[in-house]
Amino acid sequence: MVAITLPDGSVRQFDGAVTGTDIATSISKSLAKKAVAVRVDGELRDLFGEIGQNANVEILTRDHHDALDLIRHDTAHLMAQAVQELFPGTQVTIGPNIEDGFFYDFAREEPFSTDDLEKIERRMAEIVDEDRPTRREVWDREAAIAHFNEIGEHYKAEIISDLPEGEEIKIYYHGDWHDLCRGPHLPSTKHIGKAFKLMKVAGAYWRGDHRNAVLQRIYGTAWASEKDLKAYLHRLEEAEKRDHRKLGREMDLFHFQPEAQGSVFWHPKGYLIWRQLEAYIRRRLDADGYAEVKSPQLLDARLWEKSGHWGKFRENMFVVPDEVPSTDDEGPVLTGEGDLMALKPMNCPAHVQIFNQGIKSYRDLPIRMAEFGCCHRNEAHGALHGLMRVRQMTQDDAHIFCRDDQVTEETRRFLALFARVYEDMGMTDIAYKLATRPEQRSGDDATWDRAEKALADALTAAGLEFDYAEGEGAFYGPKLEFHLTDAIGRTWQAGTFQLDYGTPERLGASYVDESGARQTPVMLHRAVFGTFERFIGLLIENYAGKLPFWLAPVQVVVATITSEANDYARETAAAFEAAGLRVDLDIRNEKINYKVREHSHAKVPVIAVVGAREAEETKVSLRRLGQKDQEILSREEAKTALAREALAPDLRPV
């Protein structure tokens with residue numbers, strides 16, 4: 001007898017081995033029709049696989065959130081079938097799921113075209129209608145290698161040859177077409193549905209090695225429903241419009257160039273945004289009891305070795321020899337045998353050095369130490385992405401040195417600061433995650449248990465719901481992750497909060513407790529924005545360039561309808577500037593509609609239009625970005641209202 005325990009706690013008895021289909025049928029025929037997979041003791045399996053022992057079982061239908069990965073995996077196989085039927089002789093290699101979709105790498109001499117993608121999509125839809133059944137076989141390794149070589153699938157034979165000894169060679173069939181795969185898969189092609197789209201073709205090296213052959217990679221997306229697919233394609237369309245790199249050029253905020261890979265050239269308007277954010281967060285930190293410091297860019301490699309970063313991040317650090325001028329003609333020499341220095345990739349070891357100056361008492365804690373620290377990380381060229389992934393970055397970084405009994409309160413305090421700041425930024429949809437110990441880490445399990453519990457307790461004390469991100473913590477301690485949902489439904493990770501028992505101990509930090517004994521402080525690593533670069537990129541995309549009035553680099557353009565109003569326009573611009581507004585003056589000999597279009601394209605929030613009538617009546621006509629209606633106000637009323645609106649959120653009257 002096999003006892004199957006269902007999610008509701010009920011138990012069903014079967015005479016022998018049973019499949020997921022059998023279990024679903026025993027519950028209801030309608031469930032059996034909708035079932036696509038089964039979870040056995042937590043492991044996702046094929047619906048048609050046998051269960052020969054007592055187990056906890058859950059039946060999954062297409063609308064289950066875990067079914068989406070199966071749909072995408074099967075769609076990758078579906079695409080490979082269509083490609084090989086339409087283009088005989090094409091070899092398949094690997095085809096995994098990725099975020100929002102899948103890809104498959106193909107070996108084919110002739111390149112795929114856009115028209116080919118349309119043909120492949122049509123054939124995929126036909127195969128869905130054919131309802132090809134899925135089955136799984138386990139083959140002998142040598143027989144599998146011989147088979148794939150025989151049918152000309154040499155890449156697949158190589159993959160099998162490289163699998164560890166003893167690993168099962170699973171072959172999945174969809175009708176007659178078959179492929180090496182770990183699975184699981186849907187019961188038939190019918191269950192895939194037609195909510196898929198092939199997106200693009202790109203080149204890819206076999207196994208990611210530039211010394212190997214170049215393959216053709218077709219990317220696709222797949223969803224559980226047409227509605228979800230349309231929503232995703234709409235997000236992509238919106239994302240393209242909101243791309244911060246495109247808007248950065250249009251708004252004249254910043255640029256990149258090859259001579260400084262991964263570093264930003266900030267233009268005056270872009271740096272105005274930076275300065276507003278820096279002034280805002282500095283005021284918030286001052287009010288919350290932080291002391292600002294400044295630490296060196298270059299630090300000796302021995303300090304990085306001692307902190308543990310050298311072993312973990314060495315390949316991502318910019319390293320330079322510590323040289324001194326020579327007194328002879330041999331050029332500069334090292335200060336010592338093999339002496340090296342590195343540009344800091346983070347600020348934490350330097351902050352411990354500041355903490356270590358002088359004796360600290362338990363009464364001095366917590367010490368909240370902040371720095372707008374410029375850091376460098378040697379990111380791969382292919383990973384660089386505008387402001388979102390750079391090599392030179394500035395963090396709104398801080399470290400809190402505290403006692404064990406202060407961890408919960410300091411965490412709660414930071415969470416309140418974080419929520420307040422993001423509310424001011426107009427971003428309130430925040431998901432919290434607790435990232436736990438990674439495989440490679442420093443410290444013993446008891447220390448990690450204590451650290452993870454401390455953060456979990458703090459989140460609970462703050463009344464926040466959270467999920468766990470298993471194995472995603474920093475090498476020195478667990479961390480809180482803050483996932484923000486933007487205006488078009490995308491999720492971004494911003495800010496950080498990490499609990500660290502190890503770094504202060506490794507770097508000799510200590511305080512004197514109430515009994516006179518030396519104790520090691522807890523170190524809390526935290527940033528609200530994360531990096532200014534990435535956060536500004538996030539803001540630009542979230543607001544599609546239409547930044548909140550207080551952040552806009554140019555808040556008002558005073559534009560003339562006729563040259564008769566030029567003097568009045570100059571007076572108006574001067575009055576607005578005197579009230580603290582950031583103002584441009586446009587008295588060019590151009591039509592007003594042209595000026596309005598141009599400044600709207602540059603995302604200027606307010607255009608103050610003045611003509612002969614406005615000059616005579618000392619008024620302005622305000623046009624707000626994205627609105628058709630105009631507001632006629634006296635110049636004094638407009639100045640007062642706009643100056644109030646231009647205040648940063650923390651400076652506005654309550």
# chains A, B, ... in the order shown; residues from 1 in each chain; ligands from 1
$ residues_around --residues "stretch 465-471 of chain A" --least-positions-apart "6" --cutoff "7 Å" --atoms "only C-alpha atoms" --output "list in words"
Ala431, Tyr432, Lys433, Leu434, Ala435, Thr436, Arg437, Pro438 and Glu439 of chain A
$ write_last_selection --atoms "C-alpha atoms" --output "PDB file, in the first residue's frame"
ATOM      1  CA  ALA A 431       8.909  43.863  -0.420  1.00  0.00           C
ATOM      2  CA  TYR A 432      11.320  42.785   2.317  1.00  0.00           C
ATOM      3  CA  LYS A 433      13.571  39.731   2.146  1.00  0.00           C
ATOM      4  CA  LEU A 434      16.007  38.262   4.651  1.00  0.00           C
ATOM      5  CA  ALA A 435      19.028  36.858   2.793  1.00  0.00           C
ATOM      6  CA  THR A 436      20.630  34.025   4.751  1.00  0.00           C
ATOM      7  CA  ARG A 437      24.078  32.404   4.911  1.00  0.00           C
ATOM      8  CA  PRO A 438      25.783  31.594   1.582  1.00  0.00           C
ATOM      9  CA  GLU A 439      27.861  28.462   1.027  1.00  0.00           C
TER      10      GLU A 439
END
$ residues_around --residues "A:Gly545" --least-positions-apart "4" --cutoff "12 Å" --atoms "only C-alpha atoms" --output "PDB file with N, CA and C atoms, in the first residue's frame"
ATOM      1  N   ALA A 239       9.235  50.190 -20.873  1.00  0.00           N
ATOM      2  CA  ALA A 239      10.620  50.213 -20.396  1.00  0.00           C
ATOM      3  C   ALA A 239      11.541  50.851 -21.420  1.00  0.00           C
ATOM      4  N   LYS A 241      10.704  53.171 -23.588  1.00  0.00           N
ATOM      5  CA  LYS A 241      10.470  54.611 -23.528  1.00  0.00           C
ATOM      6  C   LYS A 241      11.158  55.229 -22.317  1.00  0.00           C
ATOM      7  N   ARG A 242      11.227  54.455 -21.220  1.00  0.00           N
ATOM      8  CA  ARG A 242      11.744  54.971 -19.960  1.00  0.00           C
ATOM      9  C   ARG A 242      13.237  54.713 -19.780  1.00  0.00           C
ATOM     10  N   ASP A 243      13.878  54.084 -20.740  1.00  0.00           N
ATOM     11  CA  ASP A 243      15.296  53.738 -20.590  1.00  0.00           C
ATOM     12  C   ASP A 243      16.093  54.973 -20.163  1.00  0.00           C
ATOM     13  N   HIS A 244      16.748  54.874 -19.007  1.00  0.00           N
ATOM     14  CA  HIS A 244      17.437  56.043 -18.452  1.00  0.00           C
ATOM     15  C   HIS A 244      18.587  56.502 -19.341  1.00  0.00           C
ATOM     16  N   ARG A 245      19.151  55.592 -20.126  1.00  0.00           N
ATOM     17  CA  ARG A 245      20.236  55.991 -21.018  1.00  0.00           C
ATOM     18  C   ARG A 245      19.706  56.901 -22.128  1.00  0.00           C
ATOM     19  N   LYS A 246      18.554  56.537 -22.686  1.00  0.00           N
ATOM     20  CA  LYS A 246      17.910  57.351 -23.726  1.00  0.00           C
ATOM     21  C   LYS A 246      17.473  58.697 -23.148  1.00  0.00           C
ATOM     22  N   LEU A 247      16.787  58.658 -22.002  1.00  0.00           N
ATOM     23  CA  LEU A 247      16.304  59.892 -21.393  1.00  0.00           C
ATOM     24  C   LEU A 247      17.459  60.760 -20.906  1.00  0.00           C
ATOM     25  N   GLY A 248      18.537  60.117 -20.451  1.00  0.00           N
ATOM     26  CA  GLY A 248      19.703  60.871 -20.004  1.00  0.00           C
ATOM     27  C   GLY A 248      20.288  61.718 -21.116  1.00  0.00           C
ATOM     28  N   ARG A 249      20.278  61.160 -22.349  1.00  0.00           N
ATOM     29  CA  ARG A 249      20.754  61.932 -23.502  1.00  0.00           C
ATOM     30  C   ARG A 249      19.780  63.061 -23.839  1.00  0.00           C
ATOM     31  N   GLU A 250      18.488  62.710 -23.879  1.00  0.00           N
ATOM     32  CA  GLU A 250      17.485  63.700 -24.261  1.00  0.00           C
ATOM     33  C   GLU A 250      17.414  64.854 -23.265  1.00  0.00           C
ATOM     34  N   MET A 251      17.611  64.552 -21.986  1.00  0.00           N
ATOM     35  CA  MET A 251      17.515  65.570 -20.941  1.00  0.00           C
ATOM     36  C   MET A 251      18.864  66.216 -20.629  1.00  0.00           C
ATOM     37  N   ASP A 252      19.924  65.765 -21.342  1.00  0.00           N
ATOM     38  CA  ASP A 252      21.269  66.310 -21.162  1.00  0.00           C
ATOM     39  C   ASP A 252      21.739  66.158 -19.714  1.00  0.00           C
ATOM     40  N   LEU A 253      21.628  64.921 -19.185  1.00  0.00           N
ATOM     41  CA  LEU A 253      21.988  64.675 -17.790  1.00  0.00           C
ATOM     42  C   LEU A 253      23.388  64.097 -17.621  1.00  0.00           C
ATOM     43  N   GLY A 270      22.367  66.856 -14.773  1.00  0.00           N
ATOM     44  CA  GLY A 270      22.365  65.577 -14.069  1.00  0.00           C
ATOM     45  C   GLY A 270      22.940  65.701 -12.675  1.00  0.00           C
ATOM     46  N   ILE A 273      20.567  66.955 -10.010  1.00  0.00           N
ATOM     47  CA  ILE A 273      19.732  65.912  -9.390  1.00  0.00           C
ATOM     48  C   ILE A 273      20.512  65.249  -8.260  1.00  0.00           C
ATOM     49  N   ILE A 536      19.559  57.132  -9.169  1.00  0.00           N
ATOM     50  CA  ILE A 536      19.109  58.150 -10.121  1.00  0.00           C
ATOM     51  C   ILE A 536      18.567  57.484 -11.383  1.00  0.00           C
ATOM     52  N   GLY A 537      19.225  56.415 -11.839  1.00  0.00           N
ATOM     53  CA  GLY A 537      18.708  55.664 -12.978  1.00  0.00           C
ATOM     54  C   GLY A 537      17.325  55.107 -12.701  1.00  0.00           C
ATOM     55  N   LEU A 538      17.139  54.593 -11.494  1.00  0.00           N
ATOM     56  CA  LEU A 538      15.846  54.038 -11.094  1.00  0.00           C
ATOM     57  C   LEU A 538      14.779  55.130 -11.089  1.00  0.00           C
ATOM     58  N   LEU A 539      15.110  56.303 -10.526  1.00  0.00           N
ATOM     59  CA  LEU A 539      14.148  57.406 -10.490  1.00  0.00           C
ATOM     60  C   LEU A 539      13.758  57.848 -11.898  1.00  0.00           C
ATOM     61  N   ILE A 540      14.747  57.972 -12.777  1.00  0.00           N
ATOM     62  CA  ILE A 540      14.470  58.413 -14.149  1.00  0.00           C
ATOM     63  C   ILE A 540      13.498  57.448 -14.817  1.00  0.00           C
ATOM     64  N   GLU A 541      13.732  56.145 -14.650  1.00  0.00           N
ATOM     65  CA  GLU A 541      12.871  55.164 -15.314  1.00  0.00           C
ATOM     66  C   GLU A 541      11.505  55.079 -14.649  1.00  0.00           C
ATOM     67  N   PHE A 549       8.928  67.699  -8.838  1.00  0.00           N
ATOM     68  CA  PHE A 549       9.307  69.094  -9.051  1.00  0.00           C
ATOM     69  C   PHE A 549      10.566  69.470  -8.274  1.00  0.00           C
ATOM     70  N   LEU A 551      13.080  67.723  -7.534  1.00  0.00           N
ATOM     71  CA  LEU A 551      14.284  67.093  -8.066  1.00  0.00           C
ATOM     72  C   LEU A 551      14.627  67.520  -9.488  1.00  0.00           C
ATOM     73  N   ALA A 552      13.686  68.106 -10.196  1.00  0.00           N
ATOM     74  CA  ALA A 552      13.912  68.440 -11.608  1.00  0.00           C
ATOM     75  C   ALA A 552      15.086  69.409 -11.737  1.00  0.00           C
ATOM     76  N   PRO A 553      16.030  69.120 -12.643  1.00  0.00           N
ATOM     77  CA  PRO A 553      17.189  70.008 -12.783  1.00  0.00           C
ATOM     78  C   PRO A 553      16.809  71.411 -13.245  1.00  0.00           C
ATOM     79  N   SER A 600       8.947  70.414 -23.225  1.00  0.00           N
ATOM     80  CA  SER A 600       8.205  69.242 -22.749  1.00  0.00           C
ATOM     81  C   SER A 600       9.001  67.978 -23.034  1.00  0.00           C
ATOM     82  N   HIS A 601       9.625  67.929 -24.214  1.00  0.00           N
ATOM     83  CA  HIS A 601      10.456  66.780 -24.570  1.00  0.00           C
ATOM     84  C   HIS A 601      11.636  66.643 -23.598  1.00  0.00           C
ATOM     85  N   ALA A 602      12.126  67.789 -23.112  1.00  0.00           N
ATOM     86  CA  ALA A 602      13.229  67.780 -22.136  1.00  0.00           C
ATOM     87  C   ALA A 602      12.729  67.537 -20.716  1.00  0.00           C
ATOM     88  N   LYS A 603      11.426  67.302 -20.564  1.00  0.00           N
ATOM     89  CA  LYS A 603      10.804  66.958 -19.286  1.00  0.00           C
ATOM     90  C   LYS A 603      10.866  68.084 -18.256  1.00  0.00           C
ATOM     91  N   VAL A 604      10.778  69.328 -18.707  1.00  0.00           N
ATOM     92  CA  VAL A 604      10.695  70.460 -17.778  1.00  0.00           C
ATOM     93  C   VAL A 604       9.292  70.469 -17.177  1.00  0.00           C
ATOM     94  N   PRO A 605       9.148  70.485 -15.846  1.00  0.00           N
ATOM     95  CA  PRO A 605       7.823  70.340 -15.224  1.00  0.00           C
ATOM     96  C   PRO A 605       6.856  71.493 -15.503  1.00  0.00           C
ATOM     97  N   LEU A 625       3.755  69.907 -17.278  1.00  0.00           N
ATOM     98  CA  LEU A 625       4.107  68.786 -18.142  1.00  0.00           C
ATOM     99  C   LEU A 625       3.028  67.714 -18.089  1.00  0.00           C
ATOM    100  N   GLY A 626       2.546  67.326 -19.260  1.00  0.00           N
ATOM    101  CA  GLY A 626       1.545  66.262 -19.341  1.00  0.00           C
ATOM    102  C   GLY A 626       0.117  66.746 -19.196  1.00  0.00           C
TER     103      GLY A 626
END
$ residues_around --residues "A:Glu616" --least-positions-apart "4" --cutoff "10 Å" --atoms "only C-alpha atoms" --output "list in words"
Ala565, Tyr568, Val610, Gly611 and Ala612 of chain A
$ residues_around --residues "A:Trp448" --least-positions-apart "4" --cutoff "10 Å" --atoms "only C-alpha atoms" --output "list in words"
Thr436, Arg437, Arg441, Ser442, Gly443, Asp444, Glu452, Lys453, Ala454, Tyr476, Gly477, Pro478, Leu499, Asp500 and Tyr501 of chain A
$ write_last_selection --atoms "C-alpha atoms" --output "short mmCIF file (atom, residue, chain, number, x, y, z; two decimals), in the first residue's frame"
data_model
loop_
_atom_site.label_atom_id
_atom_site.label_comp_id
_atom_site.auth_asym_id
_atom_site.auth_seq_id
_atom_site.Cartn_x
_atom_site.Cartn_y
_atom_site.Cartn_z
CA THR A 436 20.63 34.02 4.75
CA ARG A 437 24.08 32.40 4.91
CA ARG A 441 31.11 32.45 4.30
CA SER A 442 33.11 33.46 7.30
CA GLY A 443 32.05 32.72 10.88
CA ASP A 444 30.58 29.65 12.55
CA GLU A 452 19.77 35.73 11.22
CA LYS A 453 17.49 35.57 14.25
CA ALA A 454 18.35 39.16 15.20
CA TYR A 476 30.31 38.04 6.50
CA GLY A 477 26.66 38.15 7.54
CA PRO A 478 22.95 38.03 6.66
CA LEU A 499 24.55 42.42 10.14
CA ASP A 500 28.23 41.61 10.64
CA TYR A 501 29.91 40.04 13.66
#
$ select_by_dssp --residues "stretch 207-431 of chain A" --states "strand (DSSP E)" --output "PyMOL selection string"
chain A and resi 214-222+254-255+265-266+291-292+298-300+319-321+323-324+333-334+340-343+367-376+392-402+430-431
$ write_last_selection --atoms "N, CA and C atoms" --output "short mmCIF file (atom, residue, chain, number, x, y, z; two decimals), in the first residue's frame"
data_model
loop_
_atom_site.label_atom_id
_atom_site.label_comp_id
_atom_site.auth_asym_id
_atom_site.auth_seq_id
_atom_site.Cartn_x
_atom_site.Cartn_y
_atom_site.Cartn_z
N VAL A 214 30.77 29.88 -32.52
CA VAL A 214 29.68 30.83 -32.26
C VAL A 214 28.36 30.18 -32.67
N LEU A 215 27.41 30.17 -31.75
CA LEU A 215 26.09 29.60 -31.98
C LEU A 215 25.08 30.74 -32.16
N GLN A 216 23.87 30.38 -32.57
CA GLN A 216 22.79 31.36 -32.67
C GLN A 216 21.80 31.13 -31.53
N ARG A 217 21.60 32.16 -30.75
CA ARG A 217 20.71 32.06 -29.59
C ARG A 217 19.41 32.78 -29.89
N ILE A 218 18.31 32.05 -29.81
CA ILE A 218 16.99 32.66 -29.98
C ILE A 218 16.37 32.83 -28.60
N TYR A 219 16.01 34.08 -28.29
CA TYR A 219 15.35 34.38 -27.02
C TYR A 219 13.85 34.42 -27.22
N GLY A 220 13.12 33.95 -26.21
CA GLY A 220 11.67 34.01 -26.26
C GLY A 220 11.10 34.29 -24.89
N THR A 221 9.83 34.62 -24.85
CA THR A 221 9.12 34.78 -23.59
C THR A 221 7.87 33.93 -23.64
N ALA A 222 7.43 33.45 -22.49
CA ALA A 222 6.24 32.61 -22.43
C ALA A 222 5.52 32.87 -21.12
N PHE A 254 23.78 63.18 -18.52
CA PHE A 254 25.06 62.50 -18.36
C PHE A 254 25.41 61.80 -19.67
N HIS A 255 26.65 61.30 -19.75
CA HIS A 255 27.00 60.43 -20.87
C HIS A 255 28.10 59.48 -20.45
N PHE A 265 30.06 60.50 -16.89
CA PHE A 265 30.34 61.92 -17.07
C PHE A 265 29.04 62.67 -16.74
N TRP A 266 28.99 63.27 -15.57
CA TRP A 266 27.77 63.97 -15.17
C TRP A 266 27.76 65.38 -15.76
N ALA A 291 27.15 60.62 12.14
CA ALA A 291 28.29 61.51 11.99
C ALA A 291 28.96 61.19 10.66
N GLU A 292 29.19 62.22 9.84
CA GLU A 292 29.75 62.00 8.51
C GLU A 292 31.27 61.98 8.56
N LEU A 298 42.58 54.72 -1.71
CA LEU A 298 43.56 53.64 -1.85
C LEU A 298 43.93 53.10 -0.48
N LEU A 299 43.86 51.78 -0.34
CA LEU A 299 44.23 51.13 0.92
C LEU A 299 45.15 49.95 0.62
N ASP A 300 46.06 49.68 1.53
CA ASP A 300 47.04 48.61 1.38
C ASP A 300 46.35 47.25 1.28
N VAL A 319 43.74 47.01 -8.65
CA VAL A 319 44.94 46.88 -7.84
C VAL A 319 46.09 47.63 -8.51
N VAL A 320 46.86 48.35 -7.70
CA VAL A 320 48.01 49.10 -8.22
C VAL A 320 49.22 48.81 -7.34
N PRO A 321 50.43 48.80 -7.92
CA PRO A 321 51.63 48.63 -7.09
C PRO A 321 51.89 49.89 -6.28
N GLU A 323 54.32 52.19 -5.46
CA GLU A 323 55.63 52.55 -5.97
C GLU A 323 56.11 53.88 -5.39
N VAL A 324 57.45 54.04 -5.32
CA VAL A 324 58.06 55.32 -4.94
C VAL A 324 59.08 55.68 -6.02
N VAL A 333 60.09 52.18 -8.02
CA VAL A 333 60.24 50.86 -7.41
C VAL A 333 59.17 50.69 -6.34
N LEU A 334 58.86 49.42 -6.00
CA LEU A 334 57.91 49.13 -4.95
C LEU A 334 58.48 49.56 -3.60
N LEU A 340 51.26 46.01 -2.65
CA LEU A 340 50.15 46.37 -3.53
C LEU A 340 49.14 47.20 -2.76
N MET A 341 48.43 48.03 -3.50
CA MET A 341 47.32 48.79 -2.94
C MET A 341 46.11 48.56 -3.85
N ALA A 342 44.94 48.86 -3.33
CA ALA A 342 43.72 48.67 -4.13
C ALA A 342 42.77 49.83 -3.90
N LEU A 343 42.10 50.25 -5.00
CA LEU A 343 40.99 51.19 -4.85
C LEU A 343 39.87 50.50 -4.10
N ILE A 367 27.44 54.02 17.62
CA ILE A 367 28.09 55.04 16.81
C ILE A 367 27.64 54.84 15.37
N ARG A 368 27.01 55.87 14.81
CA ARG A 368 26.49 55.79 13.43
C ARG A 368 27.40 56.63 12.55
N MET A 369 28.14 55.97 11.67
CA MET A 369 29.19 56.61 10.89
C MET A 369 28.81 56.57 9.41
N ALA A 370 28.62 57.74 8.79
CA ALA A 370 28.15 57.82 7.40
C ALA A 370 29.23 58.38 6.49
N GLU A 371 29.18 57.98 5.22
CA GLU A 371 30.10 58.51 4.22
C GLU A 371 29.48 58.40 2.84
N PHE A 372 29.59 59.48 2.06
CA PHE A 372 29.24 59.40 0.65
C PHE A 372 30.51 58.94 -0.06
N GLY A 373 30.73 57.64 0.04
CA GLY A 373 32.02 57.06 -0.33
C GLY A 373 32.08 56.63 -1.79
N CYS A 374 33.06 57.15 -2.51
CA CYS A 374 33.29 56.75 -3.90
C CYS A 374 34.05 55.43 -3.92
N CYS A 375 33.50 54.43 -4.59
CA CYS A 375 34.10 53.09 -4.63
C CYS A 375 34.28 52.65 -6.09
N HIS A 376 35.17 51.69 -6.29
CA HIS A 376 35.44 51.17 -7.63
C HIS A 376 35.37 49.64 -7.61
N GLN A 392 32.63 52.83 -11.32
CA GLN A 392 32.82 53.84 -10.26
C GLN A 392 31.46 54.23 -9.73
N MET A 393 31.29 54.14 -8.42
CA MET A 393 29.99 54.42 -7.82
C MET A 393 30.18 55.16 -6.51
N THR A 394 29.16 55.90 -6.12
CA THR A 394 29.17 56.58 -4.82
C THR A 394 27.97 56.10 -4.02
N GLN A 395 28.23 55.58 -2.85
CA GLN A 395 27.17 55.05 -2.00
C GLN A 395 26.78 56.06 -0.93
N ASP A 396 25.52 56.04 -0.55
CA ASP A 396 25.14 56.76 0.68
C ASP A 396 25.32 55.76 1.82
N ASP A 397 26.58 55.49 2.09
CA ASP A 397 26.97 54.36 2.94
C ASP A 397 27.03 54.79 4.41
N ALA A 398 26.80 53.86 5.28
CA ALA A 398 26.98 54.11 6.72
C ALA A 398 27.17 52.78 7.43
N HIS A 399 27.85 52.85 8.56
CA HIS A 399 28.04 51.68 9.42
C HIS A 399 27.70 52.05 10.85
N ILE A 400 26.94 51.20 11.47
CA ILE A 400 26.52 51.41 12.85
C ILE A 400 27.28 50.41 13.72
N PHE A 401 28.04 50.92 14.67
CA PHE A 401 28.74 50.06 15.63
C PHE A 401 27.91 50.07 16.91
N CYS A 402 27.47 48.89 17.32
CA CYS A 402 26.56 48.83 18.46
C CYS A 402 26.79 47.57 19.28
N ILE A 430 7.13 48.21 -1.32
CA ILE A 430 8.40 47.61 -0.93
C ILE A 430 8.16 46.19 -0.41
N ALA A 431 8.92 45.24 -0.93
CA ALA A 431 8.91 43.86 -0.42
C ALA A 431 10.23 43.63 0.31
#
$ residues_around --residues "A:Ala224" --least-positions-apart "5" --cutoff "8 Å" --atoms "only C-alpha atoms" --output "list in words"
Arg62, Asp63, Leu68, Ile71, Ile192, Gly193, Ala195 and Leu229 of chain A
$ closest_residue --among "A:Gln13, A:Ser26, A:Gln257, A:Ser188" --to "A:Leu78" --atoms "only C-alpha atoms"
A:Ser188
$ residues_around --residues "A:Glu158" --least-positions-apart "5" --cutoff "12 Å" --atoms "only C-alpha atoms" --output "PyMOL selection string"
chain A and resi 92-94+141-142+144-149+152-153+163+180+206-207
$ write_last_selection --atoms "N, CA and C atoms" --output "mmCIF file, in the first residue's frame"
data_model
loop_
_atom_site.group_PDB
_atom_site.id
_atom_site.type_symbol
_atom_site.label_atom_id
_atom_site.label_comp_id
_atom_site.auth_asym_id
_atom_site.auth_seq_id
_atom_site.Cartn_x
_atom_site.Cartn_y
_atom_site.Cartn_z
ATOM 1 N N VAL A 92 20.722 21.277 -31.875
ATOM 2 C CA VAL A 92 20.322 21.947 -30.636
ATOM 3 C C VAL A 92 21.424 21.743 -29.602
ATOM 4 N N THR A 93 21.585 22.729 -28.711
ATOM 5 C CA THR A 93 22.625 22.611 -27.678
ATOM 6 C C THR A 93 21.982 22.698 -26.298
ATOM 7 N N ILE A 94 21.850 23.901 -25.744
ATOM 8 C CA ILE A 94 21.199 24.042 -24.438
ATOM 9 C C ILE A 94 20.058 25.040 -24.541
ATOM 10 N N ARG A 141 24.488 5.626 -20.788
ATOM 11 C CA ARG A 141 25.321 6.756 -21.197
ATOM 12 C C ARG A 141 25.942 6.555 -22.583
ATOM 13 N N GLU A 142 26.624 5.424 -22.763
ATOM 14 C CA GLU A 142 27.326 5.197 -24.033
ATOM 15 C C GLU A 142 26.352 5.085 -25.194
ATOM 16 N N ALA A 144 23.498 6.598 -25.375
ATOM 17 C CA ALA A 144 23.004 7.959 -25.645
ATOM 18 C C ALA A 144 24.019 8.749 -26.466
ATOM 19 N N ILE A 145 25.289 8.654 -26.102
ATOM 20 C CA ILE A 145 26.340 9.360 -26.845
ATOM 21 C C ILE A 145 26.369 8.887 -28.290
ATOM 22 N N ALA A 146 26.313 7.549 -28.471
ATOM 23 C CA ALA A 146 26.347 6.980 -29.822
ATOM 24 C C ALA A 146 25.136 7.434 -30.630
ATOM 25 N N HIS A 147 23.971 7.462 -29.994
ATOM 26 C CA HIS A 147 22.740 7.854 -30.692
ATOM 27 C C HIS A 147 22.822 9.294 -31.188
ATOM 28 N N PHE A 148 23.213 10.208 -30.313
ATOM 29 C CA PHE A 148 23.223 11.618 -30.714
ATOM 30 C C PHE A 148 24.319 11.898 -31.746
ATOM 31 N N ASN A 149 25.432 11.216 -31.626
ATOM 32 C CA ASN A 149 26.460 11.366 -32.668
ATOM 33 C C ASN A 149 25.939 10.859 -34.010
ATOM 34 N N GLY A 152 23.792 13.249 -35.817
ATOM 35 C CA GLY A 152 24.432 14.535 -36.100
ATOM 36 C C GLY A 152 24.327 15.567 -35.006
ATOM 37 N N GLU A 153 23.886 15.152 -33.791
ATOM 38 C CA GLU A 153 23.770 16.075 -32.652
ATOM 39 C C GLU A 153 25.049 15.966 -31.809
ATOM 40 N N LEU A 163 28.816 14.775 -18.387
ATOM 41 C CA LEU A 163 28.006 14.625 -17.171
ATOM 42 C C LEU A 163 28.733 13.735 -16.163
ATOM 43 N N LEU A 180 17.883 15.492 -24.609
ATOM 44 C CA LEU A 180 18.427 15.266 -23.273
ATOM 45 C C LEU A 180 17.903 16.359 -22.352
ATOM 46 N N TRP A 206 29.753 28.702 -27.712
ATOM 47 C CA TRP A 206 29.474 27.402 -27.119
ATOM 48 C C TRP A 206 30.124 27.339 -25.737
ATOM 49 N N ARG A 207 29.294 27.098 -24.762
ATOM 50 C CA ARG A 207 29.694 27.024 -23.355
ATOM 51 C C ARG A 207 30.331 28.310 -22.842
#
$ select_by_dssp --residues "stretch 211-371 of chain A" --states "alpha helix (DSSP H)" --output "VMD selection string"
chain A and resid 226 to 242 244 to 250 268 to 287 301 to 307 309 to 313 348 to 355
$ atom_distance --atom1 "atom CA of A:Ile159" --atom2 "atom CA of A:Tyr172"
15.3 Å
$ residues_around --residues "A:Arg135" --least-positions-apart "5" --cutoff "8 Å" --atoms "only C-alpha atoms" --output "ChimeraX atom specification"
/A:48,172-174,187
$ atom_distance --atom1 "atom CA of A:Gly101" --atom2 "atom CA of A:Phe482"
24.0 Å
$ closest_residue --among "A:Ile359, A:Val36, A:Ala643, A:Val201" --to "A:Leu117" --atoms "only C-alpha atoms"
A:Val201
$ closest_residue --among "A:Asp116, A:Asp100, A:Asp105, A:Glu645" --to "A:Leu236" --atoms "only C-alpha atoms"
A:Asp100
$ closest_residue --among "A:Gly52, A:Glu617, A:Ala646, A:Ile607" --to "A:Glu631" --atoms "only C-alpha atoms"
A:Ile607
$ closest_residue --among "A:Ala494, A:Leu272, A:Val407, A:Leu70" --to "A:Gln555" --atoms "only C-alpha atoms"
A:Leu272
